[in-house]
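Colleague: One structure coming up, written as structure tokens, with questions to follow.
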Amino acid sequence: MKQVFKKPESLKDVQTHFCPGCHHGTIHRLVAEAMDEFGVQQHTIGVASVGCSVFLYGYFDIDVVESPHGRAAAVATGVKRAKPDSFVFTYQGDGDLAAIGTAEIIHAANRGEDITVIFVNNTTYGMTGGQMAPTTLLGQRTSTSPYGRNKSKDGAPIRMAELLSQLEGVAFSARVAVDSPRNLMDAKKQIKKAFRYQVEGKGFSFIEALSACPTNWGMNPLSANARVGAEMCDYFKPGVYKNVENL
Amino acid sequence: MALIRIDELRCKGCGLCTIACPHKLIVLSDKINHQGYTPAHITLQDKCIGCALCAEMCPDVAIVVFK
Ligand SMILES: Cc1ncc(C[n+]2csc(CCOP(=O)(O)OP(=O)(O)O)c2C)c(N)n1
Ligand code: SF4
Ligand code: SF4
Ligand code: SF4
């Protein structure tokens, strides 16, 4: 018998601190698989953000720089420009990328920095206890929107994959989900495409991964997983929003 | 002929593998592991087709598959 599924080499063999059913673990693994496939582990520099994924350095067997909250795309810009032969990616939550880090992501994308951004959208600030994020769905109750997000007061949820695809500097932008085997297989494909853009020096690539946060949604893992496929995929449609080289 | 191994110490009992299996071969046990979770286990190993969908869905990389 042959082993047909195993832990990717780029991932350390350790227990994560993620809650049961948190998709951060799945997304970590898919990113590590892409790293293995392109053989970039030895020259990858990951740029971690602030949020539940802050322990990136403990889970990936690569070099990692920790950036201040929201600044990962700016830090990655510096890393890539200083070491252009390395593979550089950021891994950021929605509070990090779409709130405090809006300026950094928009300008790094607009400059067309040759980096890959993995953006984990779980419609909330996970680490700090479930506050409203720019991606929180309308009507969603959070600790800072106890009556539900209200469009007239809070605006509508931001669709980052679509928004960034408008910028000239962006070569690839896609949204994926990992809530079902079918969505997950597509997610693998899109993450690999995003990696290819950088490996071939073809510009800025962006992956928005929809993610469950059972803990702050007040749901069990299976209901939280189901919410991703139902409510989240309905508003945040998975798909490829830009693919300039048709990779 | 296929075989899966679930690391019952690493498993967090989220149940995502149970809904991924096309043959519904995985269930959560009623005993508790050292983390305080009820780990998954396979019921009828000989029915497993080695498709690895359970392993793909596991957020904790707690499953390995042989075929
Ligand atoms: C400058 C600064 N402001 C605020 C915080 C507090 N803080 C830590 S994590 C976080 C939000 C993280 O949410 P998100 O990016 O959505 O990631 P998740 O935890 O959901 O994965 C905040 C506001 C901080 N660490 N630094
Ligand atoms: S709080 Fe939410 S995002 Fe953070 S580890 Fe738990 S489930 Fe994941
Ligand atoms: S490998 Fe496929 S058939 Fe076997 S337990 Fe996992 S999901 Fe079920
Ligand atoms: S998906 Fe993984 S962590 Fe969740 S119950 Fe199955 S084996 Fe355990």
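Letters A, B, ... go to the chains of the structure tokens in the order shown; residues in each chain start at 1; ligands are counted from 1 in the same order.
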Got a sec to pull out which chain A residues are within 12 Å of chain B, counting only C-alpha atoms, and send them as a PyMOL selection string?

Modeller: chain A and resi 1-8+11-30+32-33+59+177-185+187-188+211-212+214-215+219-226

Colleague: Check the DSSP output for the backbone and give back, as a PyMOL selection string, the residues of segment 99-146 of chain A in helix (DSSP H, G or I).

Modeller: chain A and resi 99-100+102-111

Colleague: Keeping all heavy atoms, export the residues of the selection given above as a CSV table (one decimal), in the first residue's frame.

Modeller:
chain,number,residue,atom,x,y,z
A,99,ALA,N,-9.5,46.1,7.4
A,99,ALA,CA,-9.8,47.2,8.3
A,99,ALA,C,-8.5,48.0,8.5
A,99,ALA,O,-8.2,48.9,7.8
A,99,ALA,CB,-10.4,46.7,9.6
A,100,ILE,N,-7.7,47.6,9.5
A,100,ILE,CA,-6.5,48.4,9.9
A,100,ILE,C,-5.5,48.4,8.8
A,100,ILE,O,-4.7,49.4,8.6
A,100,ILE,CB,-6.0,47.9,11.2
A,100,ILE,CG1,-4.9,48.9,11.8
A,100,ILE,CG2,-5.4,46.6,11.1
A,100,ILE,CD1,-4.5,48.6,13.2
A,102,THR,N,-6.1,48.4,5.4
A,102,THR,CA,-6.6,48.7,4.0
A,102,THR,C,-5.7,49.5,3.2
A,102,THR,O,-5.5,49.2,2.0
A,102,THR,CB,-7.9,49.5,4.2
A,102,THR,OG1,-8.7,49.1,5.3
A,102,THR,CG2,-8.8,49.4,2.9
A,103,ALA,N,-5.0,50.5,3.7
A,103,ALA,CA,-4.1,51.3,2.9
A,103,ALA,C,-2.9,50.4,2.4
A,103,ALA,O,-2.6,50.5,1.2
A,103,ALA,CB,-3.5,52.5,3.8
A,104,GLU,N,-2.4,49.6,3.3
A,104,GLU,CA,-1.2,48.8,2.9
A,104,GLU,C,-1.6,47.8,1.8
A,104,GLU,O,-0.8,47.7,0.8
A,104,GLU,CB,-0.7,48.0,4.1
A,104,GLU,CG,0.1,48.9,5.1
A,104,GLU,CD,-0.7,49.8,5.9
A,104,GLU,OE1,-2.0,49.7,5.9
A,104,GLU,OE2,-0.1,50.6,6.7
A,105,ILE,N,-2.7,47.2,1.9
A,105,ILE,CA,-3.0,46.2,0.9
A,105,ILE,C,-3.4,46.8,-0.5
A,105,ILE,O,-2.9,46.4,-1.5
A,105,ILE,CB,-4.2,45.2,1.3
A,105,ILE,CG1,-4.3,44.0,0.3
A,105,ILE,CG2,-5.5,45.9,1.4
A,105,ILE,CD1,-3.1,43.2,0.2
A,106,ILE,N,-4.1,47.9,-0.4
A,106,ILE,CA,-4.5,48.6,-1.7
A,106,ILE,C,-3.3,49.1,-2.4
A,106,ILE,O,-3.1,48.9,-3.6
A,106,ILE,CB,-5.5,49.7,-1.4
A,106,ILE,CG1,-6.9,49.0,-1.1
A,106,ILE,CG2,-5.6,50.7,-2.6
A,106,ILE,CD1,-8.1,49.9,-1.0
A,107,HIS,N,-2.3,49.7,-1.7
A,107,HIS,CA,-1.2,50.2,-2.4
A,107,HIS,C,-0.2,49.2,-2.8
A,107,HIS,O,0.4,49.3,-3.9
A,107,HIS,CB,-0.5,51.4,-1.6
A,107,HIS,CG,-1.5,52.5,-1.5
A,107,HIS,ND1,-1.8,53.3,-2.6
A,107,HIS,CD2,-2.3,53.0,-0.5
A,107,HIS,CE1,-2.7,54.2,-2.3
A,107,HIS,NE2,-3.0,54.0,-1.0
A,108,ALA,N,0.0,48.1,-2.0
A,108,ALA,CA,0.9,47.0,-2.5
A,108,ALA,C,0.3,46.4,-3.7
A,108,ALA,O,1.0,46.1,-4.7
A,108,ALA,CB,1.0,46.0,-1.4
A,109,ALA,N,-1.0,46.2,-3.7
A,109,ALA,CA,-1.7,45.6,-4.9
A,109,ALA,C,-1.6,46.6,-6.1
A,109,ALA,O,-1.2,46.1,-7.2
A,109,ALA,CB,-3.2,45.3,-4.6
A,110,ASN,N,-1.8,47.8,-5.9
A,110,ASN,CA,-1.7,48.8,-7.0
A,110,ASN,C,-0.3,49.0,-7.6
A,110,ASN,O,-0.2,49.2,-8.7
A,110,ASN,CB,-2.3,50.2,-6.5
A,110,ASN,CG,-2.6,51.1,-7.6
A,110,ASN,OD1,-3.3,50.7,-8.5
A,110,ASN,ND2,-2.1,52.3,-7.5
A,111,ARG,N,0.7,48.8,-6.7
A,111,ARG,CA,2.0,48.8,-7.2
A,111,ARG,C,2.4,47.6,-7.9
A,111,ARG,O,3.5,47.5,-8.6
A,111,ARG,CB,3.0,49.0,-6.0
A,111,ARG,CG,3.0,50.4,-5.4
A,111,ARG,CD,4.2,50.6,-4.4
A,111,ARG,NE,4.3,49.5,-3.4
A,111,ARG,CZ,3.7,49.5,-2.2
A,111,ARG,NH1,3.0,50.6,-1.8
A,111,ARG,NH2,3.9,48.5,-1.3

Colleague: Using only C-alpha atoms and all ligand atoms, which protein or nucleic acid residues are at most 10 Å from ligand 1, as an NGL selection string?

Modeller: :A and (18 or 22-24 or 49-54 or 68-71 or 91-101 or 119-136 or 211-213 or 216)

Colleague: Between atom 7 (S, counted along the ligand's line) of ligand 3 and atom CA of Pro22 of chain B, what is the distance in Å, rounded to a tenth?

Modeller: 5.9 Å

Colleague: Using only C-alpha atoms, which residues sit within 12 Å of Asp30 of chain B once same-chain residues fewer than 4 positions away are excluded, as a PyMOL selection string?

Modeller: chain B and resi 13+36-41

Colleague: Can you write out the residues you just picked, keeping all heavy atoms, as a compact mmCIF listing (two decimals), in the first residue's frame?

Modeller:
# COMPACT_ATOMS: atom_id res chain seq x y z
N GLY B 13 -12.19 16.52 17.23
CA GLY B 13 -13.60 16.13 17.25
C GLY B 13 -14.55 17.08 16.54
O GLY B 13 -15.73 17.16 16.89
N GLY B 36 -9.57 16.83 25.59
CA GLY B 36 -10.96 17.03 26.02
C GLY B 36 -11.95 16.93 24.88
O GLY B 36 -13.12 17.29 25.03
N TYR B 37 -11.49 16.45 23.73
CA TYR B 37 -12.39 16.32 22.58
C TYR B 37 -12.74 14.84 22.35
O TYR B 37 -12.01 13.95 22.78
CB TYR B 37 -11.73 16.87 21.32
CG TYR B 37 -11.34 18.32 21.41
CD1 TYR B 37 -10.05 18.74 21.11
CD2 TYR B 37 -12.27 19.29 21.80
CE1 TYR B 37 -9.69 20.08 21.19
CE2 TYR B 37 -11.92 20.63 21.89
CZ TYR B 37 -10.63 21.02 21.58
OH TYR B 37 -10.27 22.35 21.66
N THR B 38 -13.85 14.62 21.63
CA THR B 38 -14.25 13.25 21.30
C THR B 38 -13.74 12.93 19.90
O THR B 38 -14.28 13.41 18.91
CB THR B 38 -15.78 13.11 21.34
OG1 THR B 38 -16.35 14.16 20.53
CG2 THR B 38 -16.32 13.26 22.76
N PRO B 39 -12.66 12.15 19.81
CA PRO B 39 -12.01 11.94 18.52
C PRO B 39 -12.82 11.08 17.56
O PRO B 39 -13.67 10.29 17.95
CB PRO B 39 -10.70 11.25 18.90
CG PRO B 39 -10.97 10.60 20.20
CD PRO B 39 -11.99 11.42 20.91
N ALA B 40 -12.50 11.27 16.28
CA ALA B 40 -13.15 10.50 15.21
C ALA B 40 -12.52 9.12 15.11
O ALA B 40 -11.35 8.93 15.42
CB ALA B 40 -12.98 11.25 13.90
N HIS B 41 -13.32 8.15 14.70
CA HIS B 41 -12.73 6.85 14.34
C HIS B 41 -13.52 6.23 13.19
O HIS B 41 -14.67 6.60 12.94
CB HIS B 41 -12.64 5.92 15.55
CG HIS B 41 -13.98 5.48 16.08
ND1 HIS B 41 -14.58 4.33 15.70
CD2 HIS B 41 -14.80 6.08 16.95
CE1 HIS B 41 -15.75 4.22 16.32
NE2 HIS B 41 -15.91 5.28 17.08

Colleague: Can you list, as a list in words, every protein, DNA or RNA residue that comes within 9 Å of Thr77 of chain A when you count only C-alpha atoms, leaving out same-chain residues fewer than 5 positions away?

Modeller: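 Surrounding residues, per the criterion: Ala72, Ala82, Val88, Ala108, Glu113, Asp114 and Ile115 of chain A.
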
Colleague: Taking into account only C-alpha atoms, which residue in the set A:Lys237, A:Asn243, A:Ala48, A:Gly218 is nearest to Gln166 of chain A?

Modeller: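 Going through A:Lys237, A:Asn243, A:Ala48, A:Gly218 one by one, the smallest distance to Gln166 of chain A is for A:Asn243.
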
Colleague: Please identify the strand (DSSP E) residues within chain B (assignment by DSSP from backbone atoms) and present them as a list in words.

Modeller: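 Selecting the strand (DSSP E) positions of chain B gives Leu3, Ile4, Arg5, Ile6, Ile26, Val27, Leu28, Ala40, His41, Ile42, Ile63, Val64, Val65 and Phe66 of chain B.
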
Colleague: What does the file look like for those residues with N, CA, C and O atoms, as a CSV table (one decimal), in the first residue's frame?

Modeller:
chain,number,residue,atom,x,y,z
B,3,LEU,N,-6.7,2.1,3.6
B,3,LEU,CA,-6.5,2.2,5.0
B,3,LEU,C,-6.4,3.6,5.5
B,3,LEU,O,-5.7,4.4,4.8
B,4,ILE,N,-7.1,4.0,6.5
B,4,ILE,CA,-6.9,5.4,7.0
B,4,ILE,C,-6.4,5.2,8.5
B,4,ILE,O,-6.8,4.3,9.2
B,5,ARG,N,-5.6,6.2,8.9
B,5,ARG,CA,-5.2,6.3,10.3
B,5,ARG,C,-5.6,7.6,10.9
B,5,ARG,O,-5.2,8.7,10.3
B,6,ILE,N,-6.4,7.7,11.9
B,6,ILE,CA,-6.7,8.9,12.5
B,6,ILE,C,-5.9,9.1,13.8
B,6,ILE,O,-5.9,8.2,14.7
B,26,ILE,N,-17.0,7.3,9.0
B,26,ILE,CA,-16.4,7.9,10.2
B,26,ILE,C,-17.4,8.5,11.2
B,26,ILE,O,-18.3,9.1,10.8
B,27,VAL,N,-17.2,8.2,12.4
B,27,VAL,CA,-18.1,8.7,13.5
B,27,VAL,C,-17.2,9.2,14.6
B,27,VAL,O,-16.0,8.9,14.7
B,28,LEU,N,-17.8,10.1,15.4
B,28,LEU,CA,-17.1,10.6,16.6
B,28,LEU,C,-17.3,9.6,17.8
B,28,LEU,O,-18.4,9.1,17.9
B,40,ALA,N,-12.5,11.3,16.3
B,40,ALA,CA,-13.2,10.5,15.2
B,40,ALA,C,-12.5,9.1,15.1
B,40,ALA,O,-11.3,8.9,15.4
B,41,HIS,N,-13.3,8.1,14.7
B,41,HIS,CA,-12.7,6.8,14.3
B,41,HIS,C,-13.5,6.2,13.2
B,41,HIS,O,-14.7,6.6,12.9
B,42,ILE,N,-12.9,5.3,12.5
B,42,ILE,CA,-13.5,4.7,11.3
B,42,ILE,C,-14.3,3.4,11.8
B,42,ILE,O,-13.8,2.7,12.7
B,63,ILE,N,-5.5,13.0,9.8
B,63,ILE,CA,-5.8,11.7,9.1
B,63,ILE,C,-4.7,11.5,8.0
B,63,ILE,O,-4.3,12.4,7.3
B,64,VAL,N,-4.2,10.2,7.9
B,64,VAL,CA,-3.4,9.9,6.8
B,64,VAL,C,-4.1,8.7,6.1
B,64,VAL,O,-4.8,7.9,6.7
B,65,VAL,N,-3.8,8.6,4.8
B,65,VAL,CA,-4.5,7.6,4.0
B,65,VAL,C,-3.5,6.7,3.2
B,65,VAL,O,-2.6,7.3,2.6
B,66,PHE,N,-3.8,5.4,3.2
B,66,PHE,CA,-3.0,4.5,2.4
B,66,PHE,C,-3.9,3.7,1.4
B,66,PHE,O,-5.0,3.5,1.7

Colleague: From the list B:Asn33, B:Asp7, B:Gln45, B:Lys24, which residue is nearest ligand 4 when using only C-alpha atoms and all ligand atoms?

Modeller: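 Closest residue, counting only C-alpha atoms and all ligand atoms: B:Asp7.
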
Colleague: Can you list, as a list in words, every protein, DNA or RNA residue that comes within 12 Å of Ser165 of chain A when you count only C-alpha atoms, leaving out same-chain residues fewer than 3 positions away?

Modeller: Ile106, Ala109, Asn110, Gly112, Arg159, Met160, Ala161, Glu162, Glu168, Gly169, Val170, Ala171, Phe172, Ser173, Ala174, Arg175, Phe204, Ser205, Phe206, Ile207, Glu208, Gly239, Val240, Tyr241, Lys242, Asn243 and Val244 of chain A

Colleague: Between atom CA of Cys233 of chain A and atom 2 (Fe, counted along the ligand's line) of ligand 3, what is the distance in Å, rounded to a tenth?

Modeller: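 A separation of 25.2 Å between them.
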
Colleague: So how many Å separate atom CA of Pro84 of chain A and atom CA of Glu66 of chain A, to one decimal?

Modeller: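 Value for the atom CA of Pro84 of chain A-atom CA of Glu66 of chain A distance: 18.8 Å.
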